[in-house]
>>> print(open('data.csv').read())   # CSV, C-alpha atoms and all ligand atoms
chain,number,residue,atom,x,y,z
N,608,MET,CA,149.0,85.9,12.8
N,609,ASN,CA,152.1,87.7,11.6
N,610,GLU,CA,154.3,85.8,9.1
N,611,TRP,CA,157.8,86.5,10.4
N,612,PRO,CA,160.7,86.5,7.8
N,613,ASN,CA,163.1,83.7,8.1
N,614,TRP,CA,166.1,86.0,8.5
N,615,LEU,CA,164.6,87.5,11.7
N,616,PRO,CA,166.0,85.9,14.8
N,617,LEU,CA,162.8,86.4,16.7
N,618,ARG,CA,162.6,84.3,19.8
N,619,GLN,CA,160.5,81.2,19.2
N,620,ASN,CA,158.1,81.9,22.1
N,621,LEU,CA,157.2,85.3,20.5
N,622,ARG,CA,156.4,84.0,17.0
N,623,GLU,CA,152.8,83.1,17.6
N,624,LEU,CA,151.9,86.2,19.7
N,625,SER,CA,149.9,89.2,18.7
N,626,PRO,CA,150.6,92.6,20.2
N,627,TYR,CA,148.2,93.6,23.0
N,628,GLY,CA,146.0,96.5,22.3
N,629,ALA,CA,142.5,97.6,22.5
N,630,PRO,CA,141.6,99.5,19.3
N,631,GLN,CA,142.3,103.2,19.7
N,632,LEU,CA,139.5,104.5,17.5
N,633,PRO,CA,137.8,107.9,17.5
N,634,ALA,CA,134.3,107.7,19.0
N,635,ASP,CA,131.8,110.0,20.8
N,636,ALA,CA,131.8,107.7,23.8
N,637,VAL,CA,135.1,106.1,24.5
N,638,MET,CA,134.2,103.3,27.0
N,639,ASN,CA,136.7,100.5,26.2
N,640,THR,CA,139.8,100.7,28.4
N,641,ASN,CA,138.5,101.2,31.9
N,642,GLU,CA,139.9,104.8,32.1
N,643,ASN,CA,138.3,107.4,34.4
N,644,PRO,CA,136.2,109.6,32.1
N,645,TYR,CA,136.7,112.7,34.2
N,646,ALA,CA,139.7,114.7,33.2
N,647,PRO,CA,141.9,116.5,35.7
N,648,SER,CA,140.7,119.9,36.7
N,649,LEU,CA,142.3,123.0,35.2
N,650,GLU,CA,143.8,123.8,38.7
N,651,LEU,CA,145.5,120.4,38.8
N,652,ALA,CA,146.7,120.7,35.2
N,653,LYS,CA,148.2,124.0,36.1
N,654,ALA,CA,149.9,122.6,39.2
N,655,ILE,CA,151.4,119.8,37.1
N,656,SER,CA,152.6,122.3,34.4
N,657,GLN,CA,154.2,124.5,37.1
N,658,ARG,CA,156.0,121.5,38.6
N,659,ILE,CA,157.0,120.2,35.2
N,660,GLU,CA,158.4,123.6,34.3
N,661,GLU,CA,160.7,123.5,37.4
N,662,VAL,CA,161.8,119.9,36.5
N,663,ALA,CA,162.4,120.9,32.9
N,664,THR,CA,165.3,123.1,34.0
N,665,THR,CA,167.0,120.0,35.3
N,666,LEU,CA,166.4,117.6,32.4
N,667,ASN,CA,170.1,117.5,31.6
N,668,ARG,CA,170.4,115.3,34.6
N,669,TYR,CA,169.1,111.8,35.1
N,670,PRO,CA,166.1,111.5,37.5
N,671,ASP,CA,166.2,110.1,41.0
N,672,ARG,CA,166.8,106.5,40.1
N,673,ASP,CA,164.9,105.2,43.1
N,674,ALA,CA,162.0,107.7,42.9
N,675,THR,CA,162.2,108.1,46.7
N,676,LYS,CA,159.9,111.1,47.1
N,677,LEU,CA,157.2,109.6,45.0
N,678,ARG,CA,157.4,106.2,46.7
N,679,SER,CA,157.2,107.9,50.1
N,680,LYS,CA,154.1,109.8,49.1
N,681,LEU,CA,152.6,106.5,47.7
N,682,ALA,CA,153.3,104.8,51.1
N,683,GLU,CA,151.6,107.7,52.9
N,684,PHE,CA,148.6,107.4,50.5
N,685,ILE,CA,148.2,103.7,51.1
N,686,ASN,CA,148.6,104.0,54.9
N,687,GLN,CA,145.9,106.6,54.9
N,688,LEU,CA,143.6,104.4,52.8
N,689,SER,CA,144.2,101.1,54.6
N,690,ALA,CA,145.5,102.1,58.0
N,691,THR,CA,148.8,100.3,57.4
N,692,ARG,CA,152.2,101.2,58.6
N,693,LEU,CA,154.1,100.9,55.3
N,694,ASN,CA,157.0,103.1,54.2
N,695,THR,CA,159.1,103.8,51.2
N,696,ASP,CA,160.9,100.4,51.5
N,697,ASN,CA,157.5,98.7,50.9
N,698,ILE,CA,156.8,100.6,47.6
N,699,TRP,CA,158.0,100.3,44.1
N,700,ALA,CA,156.9,102.6,41.3
N,701,ALA,CA,157.0,102.1,37.5
N,702,ASN,CA,155.6,103.1,34.2
N,703,GLY,CA,152.1,101.7,34.7
N,704,SER,CA,151.3,98.5,36.6
N,705,ASN,CA,152.1,96.6,33.4
N,706,GLU,CA,155.8,97.3,34.0
N,707,ILE,CA,155.3,96.2,37.6
N,708,ILE,CA,153.9,92.9,36.3
N,709,GLN,CA,156.8,92.5,33.9
N,710,SER,CA,159.3,93.2,36.7
N,711,LEU,CA,157.7,90.5,38.9
N,712,PHE,CA,158.0,87.9,36.1
N,713,LEU,CA,161.6,89.0,35.5
N,714,ALA,CA,162.6,88.7,39.1
N,715,PHE,CA,160.5,85.7,40.3
N,716,GLY,CA,159.6,83.7,37.2
N,717,SER,CA,161.8,80.8,38.2
N,718,GLY,CA,158.8,78.4,37.9
N,719,SER,CA,155.3,78.5,36.5
N,720,ALA,CA,152.6,81.2,37.1
N,721,ILE,CA,148.9,80.7,37.5
N,722,GLY,CA,145.9,83.0,37.1
N,723,PHE,CA,142.2,82.3,37.0
N,724,THR,CA,140.6,82.8,33.6
N,725,PRO,CA,139.0,85.0,32.4
N,726,SER,CA,141.2,87.6,33.9
N,727,TYR,CA,143.6,90.3,32.9
N,728,SER,CA,145.0,89.1,29.6
N,729,MET,CA,148.4,90.8,30.1
N,730,HIS,CA,149.3,88.4,32.9
N,731,PRO,CA,149.6,85.4,30.6
N,732,LEU,CA,151.0,87.6,27.8
N,733,ILE,CA,153.8,89.0,29.9
N,734,ALA,CA,154.5,85.5,31.2
N,735,LYS,CA,154.9,84.3,27.6
N,736,VAL,CA,157.2,87.3,26.7
N,737,THR,CA,159.4,86.7,29.7
N,738,GLY,CA,159.5,82.9,29.0
N,739,VAL,CA,157.5,81.9,32.1
N,740,GLU,CA,155.1,78.9,31.9
N,741,TRP,CA,151.5,80.1,32.4
N,742,ILE,CA,148.7,78.0,33.8
N,743,ASN,CA,145.1,78.9,33.1
N,744,GLY,CA,143.3,78.2,36.4
N,745,ALA,CA,139.5,77.8,36.3
N,746,ARG,CA,136.7,79.9,37.7
N,747,ASN,CA,133.1,79.0,38.3
N,748,GLU,CA,130.6,79.1,35.3
N,749,ASP,CA,129.4,82.5,36.4
N,750,PHE,CA,133.1,83.7,36.4
N,751,SER,CA,133.2,84.1,40.2
N,752,LEU,CA,136.2,82.6,42.0
N,753,ASP,CA,135.7,79.5,44.1
N,754,VAL,CA,138.6,80.0,46.6
N,755,ASN,CA,138.7,76.4,47.7
N,756,SER,CA,138.9,75.2,44.1
N,757,ALA,CA,141.6,77.9,43.5
N,758,ILE,CA,143.6,76.6,46.5
N,759,SER,CA,143.4,73.0,45.2
N,760,GLN,CA,144.6,74.1,41.8
N,761,ILE,CA,147.4,76.1,43.3
N,762,GLN,CA,148.4,73.2,45.5
N,763,ARG,CA,148.3,70.8,42.6
N,764,GLU,CA,150.3,73.0,40.2
N,765,ARG,CA,152.7,74.6,42.8
N,766,PRO,CA,153.3,77.8,40.8
N,767,VAL,CA,155.9,80.3,41.9
N,768,LEU,CA,153.5,83.2,41.1
N,769,THR,CA,149.8,83.1,41.8
N,770,PHE,CA,147.8,86.0,40.3
N,771,ILE,CA,144.5,87.1,41.8
N,772,THR,CA,142.9,90.1,40.2
N,773,THR,CA,140.3,91.6,42.5
N,774,PRO,CA,138.1,93.3,41.4
N,775,ASN,CA,138.7,91.0,38.4
N,776,ASN,CA,139.0,92.3,34.8
N,777,PRO,CA,137.0,91.7,32.6
N,778,THR,CA,134.3,90.4,35.0
N,779,GLY,CA,134.3,93.0,37.7
N,780,SER,CA,133.8,90.5,40.5
N,781,ALA,CA,135.7,90.9,43.7
N,782,ILE,CA,136.7,88.4,46.5
N,783,THR,CA,136.7,89.3,50.2
N,784,ILE,CA,139.7,90.0,52.3
N,785,SER,CA,139.0,86.8,54.3
N,786,GLU,CA,139.1,84.8,51.0
N,787,LEU,CA,142.4,86.5,50.2
N,788,GLU,CA,143.7,85.6,53.6
N,789,GLN,CA,142.7,82.0,53.0
N,790,LEU,CA,144.6,82.1,49.7
N,791,ALA,CA,147.6,83.7,51.4
N,792,LYS,CA,147.6,80.9,54.1
N,793,SER,CA,147.6,78.2,51.4
N,794,THR,CA,150.1,79.5,48.8
N,795,SER,CA,153.8,79.4,48.7
N,796,GLY,CA,155.8,81.4,46.2
N,797,LEU,CA,154.3,84.9,45.8
N,798,LEU,CA,150.6,85.7,45.9
N,799,VAL,CA,150.3,88.6,43.5
N,800,VAL,CA,147.1,90.5,44.1
N,801,ASP,CA,146.3,92.8,41.2
N,802,GLU,CA,144.2,95.6,42.6
N,803,ALA,CA,144.1,97.9,39.6
N,804,TYR,CA,140.4,98.6,40.4
N,805,ALA,CA,140.5,98.4,44.2
N,806,GLU,CA,139.3,102.0,44.9
N,807,PHE,CA,136.0,101.1,43.2
N,808,SER,CA,135.4,98.2,45.5
N,809,GLY,CA,134.1,98.3,49.1
N,810,GLU,CA,136.5,95.4,50.1
N,811,ALA,CA,139.6,95.9,52.2
N,812,SER,CA,142.9,95.9,50.3
N,813,ALA,CA,145.3,93.0,50.4
N,814,VAL,CA,148.0,95.5,51.5
N,815,THR,CA,146.6,94.9,55.0
N,816,LEU,CA,147.8,91.3,54.8
N,817,ILE,CA,151.5,92.0,54.0
N,818,GLU,CA,152.7,92.4,57.5
N,819,LYS,CA,151.4,89.0,58.4
N,820,TYR,CA,152.0,87.3,55.1
N,821,PRO,CA,155.2,88.7,53.5
N,822,HIS,CA,154.7,86.7,50.3
N,823,VAL,CA,151.5,88.8,49.5
N,824,VAL,CA,152.4,91.4,46.9
N,825,VAL,CA,149.9,94.0,45.8
N,826,ILE,CA,149.8,95.8,42.4
N,827,ARG,CA,148.1,99.1,42.2
N,828,THR,CA,147.8,101.8,39.6
N,829,MET,CA,147.1,105.5,39.2
N,830,SER,CA,145.5,104.8,35.8
N,831,LYS,CA,141.9,104.0,36.9
N,832,ALA,CA,140.4,105.6,40.0
N,833,PHE,CA,143.1,108.2,40.0
N,834,ALA,CA,142.3,109.4,36.5
N,835,PHE,CA,145.9,109.4,35.5
N,836,ALA,CA,146.2,106.8,32.8
N,837,GLY,CA,148.2,109.1,30.5
N,838,ALA,CA,150.9,109.6,33.0
N,839,ARG,CA,151.7,105.9,33.2
N,840,LEU,CA,152.2,105.3,36.9
N,841,GLY,CA,151.7,101.9,38.6
N,842,TYR,CA,153.1,100.8,41.9
N,843,LEU,CA,153.8,97.7,44.0
N,844,VAL,CA,153.1,97.4,47.7
N,845,ALA,CA,155.1,94.5,49.2
N,846,HIS,CA,157.6,93.3,51.8
N,847,PRO,CA,161.0,95.1,51.5
N,848,SER,CA,162.7,92.0,50.2
N,849,VAL,CA,160.3,91.9,47.2
N,850,ILE,CA,161.1,95.6,46.6
N,851,GLN,CA,164.8,94.9,46.8
N,852,ALA,CA,164.4,92.4,44.1
N,853,MET,CA,162.7,95.0,41.9
N,854,PHE,CA,166.0,97.0,42.0
N,855,LEU,CA,167.7,94.1,40.3
N,856,VAL,CA,165.4,93.9,37.3
N,857,ARG,CA,164.5,97.6,36.7
N,858,LEU,CA,166.2,99.5,34.0
N,859,PRO,CA,168.4,102.3,35.3
N,860,TYR,CA,166.4,105.6,35.6
N,861,HIS,CA,163.2,103.8,34.4
N,862,LEU,CA,160.8,106.4,35.7
N,863,SER,CA,161.4,109.8,34.1
N,864,ALA,CA,161.7,113.0,36.2
N,865,LEU,CA,158.5,114.2,34.4
N,866,THR,CA,156.5,111.2,35.5
N,867,GLN,CA,157.8,111.4,39.0
N,868,ALA,CA,156.9,115.1,39.3
N,869,ALA,CA,153.5,114.6,37.8
N,870,GLY,CA,152.7,111.7,40.1
N,871,GLU,CA,153.8,113.7,43.2
N,872,VAL,CA,151.5,116.5,42.3
N,873,ALA,CA,148.6,114.1,41.5
N,874,LEU,CA,149.0,112.7,45.0
N,875,ASP,CA,148.8,116.2,46.5
N,876,TYR,CA,145.4,116.4,44.7
N,877,GLN,CA,144.2,112.9,45.7
N,878,SER,CA,141.0,114.1,47.2
N,879,GLU,CA,140.0,115.8,44.0
N,880,LEU,CA,141.0,112.9,41.8
N,881,LEU,CA,139.4,110.2,44.0
N,882,ASP,CA,136.2,112.3,44.3
N,883,THR,CA,135.1,110.9,41.0
N,884,VAL,CA,135.1,107.3,42.4
N,885,ALA,CA,131.8,107.7,44.3
N,886,THR,CA,130.1,109.1,41.2
N,887,LEU,CA,131.5,106.3,39.0
N,888,ARG,CA,130.2,103.7,41.5
N,889,LYS,CA,126.8,105.2,41.6
N,890,ASN,CA,126.7,105.5,37.8
N,891,ARG,CA,127.9,101.9,37.5
N,892,ASP,CA,125.1,100.6,39.6
N,893,GLU,CA,122.6,102.7,37.7
N,894,LEU,CA,123.9,101.5,34.4
N,895,SER,CA,123.7,97.9,35.6
N,896,VAL,CA,120.0,98.4,36.5
N,897,ALA,CA,119.3,99.9,33.1
N,898,LEU,CA,121.0,97.0,31.3
N,899,THR,CA,119.1,94.5,33.3
N,900,ALA,CA,115.8,96.4,32.5
N,901,MET,CA,116.7,95.9,28.8
N,902,GLY,CA,116.7,92.1,29.4
N,903,LEU,CA,120.4,91.7,29.6
N,904,THR,CA,122.4,89.9,32.2
N,905,VAL,CA,125.1,91.8,34.0
N,906,ILE,CA,127.9,90.3,36.1
N,907,PRO,CA,127.9,92.1,39.6
N,908,SER,CA,130.8,94.5,39.4
N,909,ALA,CA,133.0,96.1,42.1
N,910,ALA,CA,135.0,97.9,39.4
N,911,ASN,CA,134.4,100.8,36.9
N,912,PHE,CA,133.1,98.6,34.2
N,913,LEU,CA,130.4,96.0,33.5
N,914,LEU,CA,130.5,92.7,31.7
N,915,PHE,CA,127.1,91.9,30.1
N,916,THR,CA,125.5,89.2,28.1
N,917,GLY,CA,122.1,88.1,26.8
N,918,PHE,CA,122.0,89.7,23.4
N,919,SER,CA,121.2,87.7,20.3
N,920,MET,CA,123.9,89.1,17.9
N,921,THR,CA,127.5,87.9,18.2
N,922,SER,CA,129.8,90.0,20.4
N,923,ALA,CA,131.6,91.2,17.3
N,924,GLU,CA,128.4,92.3,15.6
N,925,LEU,CA,127.1,94.2,18.6
N,926,TRP,CA,130.5,95.8,19.2
N,927,LYS,CA,130.6,97.0,15.5
N,928,ALA,CA,126.9,98.2,15.6
N,929,LEU,CA,127.7,100.3,18.7
N,930,LEU,CA,130.9,101.7,17.1
N,931,ASP,CA,128.9,102.7,14.0
N,932,ARG,CA,126.8,104.8,16.4
N,933,GLY,CA,129.8,106.4,18.0
N,934,VAL,CA,130.2,104.2,21.0
N,935,LEU,CA,133.4,102.3,21.6
N,936,ILE,CA,133.2,99.4,24.1
N,937,ARG,CA,135.3,96.3,24.4
N,938,ASP,CA,135.0,92.8,23.0
N,939,VAL,CA,137.2,90.9,25.4
N,940,GLY,CA,137.0,87.7,23.4
N,941,LEU,CA,134.4,86.0,25.6
N,942,LEU,CA,131.7,84.5,23.4
N,943,GLY,CA,128.4,86.3,23.9
N,944,TYR,CA,129.8,89.0,26.3
N,945,LEU,CA,130.9,92.6,26.0
N,946,ARG,CA,132.5,94.9,28.5
N,947,VAL,CA,131.6,98.6,28.9
N,948,THR,CA,133.6,101.0,31.0
N,949,ILE,CA,131.5,103.5,33.0
N,950,GLY,CA,131.7,106.8,31.3
N,951,ASN,CA,130.6,110.3,32.2
N,952,GLU,CA,126.8,111.0,32.2
N,953,ALA,CA,126.7,111.9,28.5
N,954,GLU,CA,128.6,108.8,27.5
N,955,ASN,CA,126.5,106.5,29.6
N,956,LYS,CA,123.3,108.0,28.1
N,957,LYS,CA,124.7,107.7,24.6
N,958,PHE,CA,125.7,104.1,25.3
N,959,LEU,CA,122.3,103.1,26.6
N,960,GLU,CA,120.4,104.8,23.7
N,961,SER,CA,122.7,103.3,21.1
N,962,LEU,CA,122.5,99.9,22.7
N,963,ALA,CA,118.6,100.1,22.8
N,964,ALA,CA,118.7,101.0,19.1
N,965,CYS,CA,121.1,98.1,18.2
N,966,LEU,CA,119.1,95.6,20.2
N,967,GLY,CA,115.9,96.9,18.6
N,968,GLU,CA,117.3,96.3,15.1
N,969,SER,CA,118.6,92.8,15.8
N,1001,LIG,C1,143.8,94.2,36.2
N,1001,LIG,C2,144.7,95.2,35.5
N,1001,LIG,N1,145.9,95.3,35.9
N,1001,LIG,C3,146.8,96.1,35.4
N,1001,LIG,C4,146.4,97.0,34.4
N,1001,LIG,C5,147.4,97.9,33.8
N,1001,LIG,O1,147.2,99.2,34.1
N,1001,LIG,P1,148.4,100.3,34.0
N,1001,LIG,O2,149.6,99.7,33.2
N,1001,LIG,O3,147.8,101.4,33.2
N,1001,LIG,O4,148.7,100.7,35.4
N,1001,LIG,C6,145.1,96.9,33.9
N,1001,LIG,C7,144.7,97.8,32.8
N,1001,LIG,O5,143.6,97.7,32.2
N,1001,LIG,C8,144.2,96.0,34.5
N,1001,LIG,O6,143.0,95.9,34.1
>>> encode(input="data.csv", output="structure tokens")
Amino acid sequence: MNEWPNWLPLRQNLRELSPYGAPQLPADAVMNTNENPYAPSLELAKAISQRIEEVATTLNRYPDRDATKLRSKLAEFINQLSATRLNTDNIWAANGSNEIIQSLFLAFGSGSAIGFTPSYSMHPLIAKVTGVEWINGARNEDFSLDVNSAISQIQRERPVLTFITTPNNPTGSAITISELEQLAKSTSGLLVVDEAYAEFSGEASAVTLIEKYPHVVVIRTMSKAFAFAGARLGYLVAHPSVIQAMFLVRLPYHLSALTQAAGEVALDYQSELLDTVATLRKNRDELSVALTAMGLTVIPSAANFLLFTGFSMTSAELWKALLDRGVLIRDVGLLGYLRVTIGNEAENKKFLESLAACLGES
């Protein structure tokens, strides 16, 4: 932990925190942050450059503060995916879904927030940074979510924000739309559904619940399935009143003209970008079978990563042994488990070969 000097007026609630961050280390196979391993095509890269060149001639001016064009394209995209009738007023866009999460806490953190552990570690971290009390709700032993138990916990704790991540990170497990509806019926405050990995799952999106349950808010990102992590674009799909509240807490001109332009072009190329999803799902299922064949236990995943256990080394030892062989995966801090992001064919092969070698040595 950092020893902060006494003269530094750092807020008390930040003193014991460590900065978030997966190690960014050079490796032959980078499989640690749930990115899409397939880079944008040259054609898309050129289309982005062309649009950026146009925008560059206007960079003396602030961008569209409300990112209206991008939000309207995102609404179209969601409507097409989920057969909804949403429009720009239902969409907010920001620098990655992490910024969306922060804005939700800033706008609505008037009471406590609950999430079901293990889940995405930034939810409690952003709660802490924004001074919101965080409650660690419980999952089943196998990390699946027992919705009835979750509802009892929510009704007992009465949080103002309930976080459900589906598919969940780091476990990969998803809940069904009818389970989400059960949660929506039984929660007050906001039910925040983090769908960062939704495109990899066969389940219907919670965006289909918003019309009936206006307190359901859905976080999505272009970082994962959309293969656009470097651009930093996340978005929120919600009732217009929730979006109106985002205008109160956003910083002026928070989304640069370059980001907006790149995002708009990426949405024009959505079929190319999302084409990789089917391949990743197939490779995920194959990797899961291969890990099981090695005697490991894999949590069933509806995302682009797998959480596995059943090795005799510690997580830290196996993580390091893989890194020494050029494979970077993620130690998510769960004793006896490691998480691997689905890579491209060469990365998956390298991972499996390296893992077999490490397990053989142990
Ligand atoms: C569940 C979940 N939500 C949100 C994010 C943040 O993604 P981004 O800020 O890149 O949109 C991640 C990233 O790993 C995630 O796993």
>>> residues_near_ligand(input="data.csv", ligand="ligand LIG 1001 (chain N)", cutoff="6 Å", atoms="all atoms listed in the file", output="list in words")
Gly703, Ser704, Asn705, Tyr727, Thr772, Asn776, Asp801, Ala803, Thr828, Ser830, Ala836, Arg839, Leu840 and Gly841 of chain N
>>> atom_distance(input="data.csv", atom1="atom CA of Ser656 of chain N", atom2="atom CA of Thr866 of chain N")
11.8 Å
>>> residues_around(input="data.csv", residues="Val849 of chain N", least_positions_apart="5", cutoff="12 Å", atoms="only C-alpha atoms", output="NGL selection string")
:N and (696-699 or 707 or 710-711 or 714-715 or 796-799 or 817 or 821-825 or 843-844 or 854-856)
>>> closest_residue(input="data.csv", among="N:Gly917, N:Pro626, N:Gly870, N:Gly950", to="Ile655 of chain N", atoms="all atoms listed in the file")
N:Gly870
>>> residues_around(input="data.csv", residues="segment 651-653 of chain N", least_positions_apart="4", cutoff="9 Å", atoms="all atoms listed in the file", output="list of chain:residue names")
N:Pro647, N:Gln657, N:Arg658, N:Val872, N:Ala873, N:Tyr876, N:Glu879
>>> write_last_selection(input="data.csv", atoms="C-alpha atoms", output="compact mmCIF listing (two decimals), in the coordinates of the input")
# COMPACT_ATOMS: atom_id res chain seq x y z
CA PRO N 647 141.90 116.50 35.70
CA GLN N 657 154.20 124.50 37.10
CA ARG N 658 156.00 121.50 38.60
CA VAL N 872 151.50 116.50 42.30
CA ALA N 873 148.60 114.10 41.50
CA TYR N 876 145.40 116.40 44.70
CA GLU N 879 140.00 115.80 44.00
>>> closest_residue(input="data.csv", among="N:Ile708, N:Ala791, N:Val662, N:Leu816", to="Met729 of chain N", atoms="all atoms listed in the file")
N:Ile708
>>> atom_distance(input="data.csv", atom1="atom CA of Arg888 of chain N", atom2="atom CA of Pro907 of chain N")
12.0 Å
>>> atom_distance(input="data.csv", atom1="atom CA of Val736 of chain N", atom2="atom CA of Glu764 of chain N")
20.8 Å
>>> closest_residue(input="data.csv", among="N:Glu623, N:Asp753, N:Glu740, N:Asp673", to="Gly718 of chain N", atoms="all atoms listed in the file")
N:Glu740
>>> closest_residue(input="data.csv", among="N:Ser908, N:Ser719, N:Asn609, N:Ser795", to="Ser780 of chain N", atoms="all atoms listed in the file")
N:Ser908
>>> build_atoms(input="data.csv", residues="segment 811-834 of chain N", atoms="N, CA and C atoms", output="PDB file, keeping the file's coordinate frame")
ATOM      1  N   ALA N 811     138.272  95.475  51.734  1.00  0.00           N
ATOM      2  CA  ALA N 811     139.600  95.900  52.200  1.00  0.00           C
ATOM      3  C   ALA N 811     140.665  95.461  51.279  1.00  0.00           C
ATOM      4  N   SER N 812     141.754  96.235  51.231  1.00  0.00           N
ATOM      5  CA  SER N 812     142.900  95.900  50.300  1.00  0.00           C
ATOM      6  C   SER N 812     143.756  94.821  50.886  1.00  0.00           C
ATOM      7  N   ALA N 813     144.352  94.065  49.993  1.00  0.00           N
ATOM      8  CA  ALA N 813     145.300  93.000  50.400  1.00  0.00           C
ATOM      9  C   ALA N 813     146.574  93.613  51.009  1.00  0.00           C
ATOM     10  N   VAL N 814     146.770  94.925  50.898  1.00  0.00           N
ATOM     11  CA  VAL N 814     148.000  95.500  51.500  1.00  0.00           C
ATOM     12  C   VAL N 814     147.915  95.280  53.053  1.00  0.00           C
ATOM     13  N   THR N 815     146.701  95.093  53.589  1.00  0.00           N
ATOM     14  CA  THR N 815     146.600  94.900  55.000  1.00  0.00           C
ATOM     15  C   THR N 815     147.082  93.481  55.446  1.00  0.00           C
ATOM     16  N   LEU N 816     147.360  92.630  54.457  1.00  0.00           N
ATOM     17  CA  LEU N 816     147.800  91.300  54.800  1.00  0.00           C
ATOM     18  C   LEU N 816     149.362  91.161  54.781  1.00  0.00           C
ATOM     19  N   ILE N 817     150.027  92.178  54.216  1.00  0.00           N
ATOM     20  CA  ILE N 817     151.500  92.000  54.000  1.00  0.00           C
ATOM     21  C   ILE N 817     152.283  91.826  55.237  1.00  0.00           C
ATOM     22  N   GLU N 818     151.893  92.535  56.306  1.00  0.00           N
ATOM     23  CA  GLU N 818     152.700  92.400  57.500  1.00  0.00           C
ATOM     24  C   GLU N 818     152.681  90.979  58.032  1.00  0.00           C
ATOM     25  N   LYS N 819     151.510  90.322  57.952  1.00  0.00           N
ATOM     26  CA  LYS N 819     151.400  89.000  58.400  1.00  0.00           C
ATOM     27  C   LYS N 819     151.887  87.924  57.412  1.00  0.00           C
ATOM     28  N   TYR N 820     151.660  88.218  56.145  1.00  0.00           N
ATOM     29  CA  TYR N 820     152.000  87.300  55.100  1.00  0.00           C
ATOM     30  C   TYR N 820     152.964  87.977  54.098  1.00  0.00           C
ATOM     31  N   PRO N 821     154.272  87.887  54.340  1.00  0.00           N
ATOM     32  CA  PRO N 821     155.200  88.700  53.500  1.00  0.00           C
ATOM     33  C   PRO N 821     155.253  88.258  52.057  1.00  0.00           C
ATOM     34  N   HIS N 822     154.637  87.114  51.731  1.00  0.00           N
ATOM     35  CA  HIS N 822     154.700  86.700  50.300  1.00  0.00           C
ATOM     36  C   HIS N 822     153.452  87.288  49.547  1.00  0.00           C
ATOM     37  N   VAL N 823     152.644  88.122  50.216  1.00  0.00           N
ATOM     38  CA  VAL N 823     151.500  88.800  49.500  1.00  0.00           C
ATOM     39  C   VAL N 823     152.077  90.082  48.893  1.00  0.00           C
ATOM     40  N   VAL N 824     151.946  90.218  47.586  1.00  0.00           N
ATOM     41  CA  VAL N 824     152.400  91.400  46.900  1.00  0.00           C
ATOM     42  C   VAL N 824     151.215  92.058  46.180  1.00  0.00           C
ATOM     43  N   VAL N 825     151.097  93.356  46.270  1.00  0.00           N
ATOM     44  CA  VAL N 825     149.900  94.000  45.800  1.00  0.00           C
ATOM     45  C   VAL N 825     150.237  95.032  44.682  1.00  0.00           C
ATOM     46  N   ILE N 826     149.591  94.853  43.537  1.00  0.00           N
ATOM     47  CA  ILE N 826     149.800  95.800  42.400  1.00  0.00           C
ATOM     48  C   ILE N 826     148.701  96.812  42.398  1.00  0.00           C
ATOM     49  N   ARG N 827     149.072  98.067  42.324  1.00  0.00           N
ATOM     50  CA  ARG N 827     148.100  99.100  42.200  1.00  0.00           C
ATOM     51  C   ARG N 827     148.458 100.068  41.070  1.00  0.00           C
ATOM     52  N   THR N 828     147.534 100.917  40.694  1.00  0.00           N
ATOM     53  CA  THR N 828     147.800 101.800  39.600  1.00  0.00           C
ATOM     54  C   THR N 828     147.139 103.169  39.779  1.00  0.00           C
ATOM     55  N   MET N 829     147.712 104.181  39.179  1.00  0.00           N
ATOM     56  CA  MET N 829     147.100 105.500  39.200  1.00  0.00           C
ATOM     57  C   MET N 829     146.236 105.680  37.895  1.00  0.00           C
ATOM     58  N   SER N 830     146.153 104.633  37.074  1.00  0.00           N
ATOM     59  CA  SER N 830     145.500 104.800  35.800  1.00  0.00           C
ATOM     60  C   SER N 830     143.966 104.765  35.835  1.00  0.00           C
ATOM     61  N   LYS N 831     143.383 104.213  36.880  1.00  0.00           N
ATOM     62  CA  LYS N 831     141.900 104.000  36.900  1.00  0.00           C
ATOM     63  C   LYS N 831     141.236 104.989  37.778  1.00  0.00           C
ATOM     64  N   ALA N 832     141.056 104.656  39.056  1.00  0.00           N
ATOM     65  CA  ALA N 832     140.400 105.600  40.000  1.00  0.00           C
ATOM     66  C   ALA N 832     141.053 106.937  39.975  1.00  0.00           C
ATOM     67  N   PHE N 833     142.353 106.926  39.920  1.00  0.00           N
ATOM     68  CA  PHE N 833     143.100 108.200  40.000  1.00  0.00           C
ATOM     69  C   PHE N 833     143.082 109.047  38.795  1.00  0.00           C
ATOM     70  N   ALA N 834     142.465 108.569  37.743  1.00  0.00           N
ATOM     71  CA  ALA N 834     142.300 109.400  36.500  1.00  0.00           C
ATOM     72  C   ALA N 834     143.616 109.869  35.964  1.00  0.00           C
TER      73      ALA N 834
END
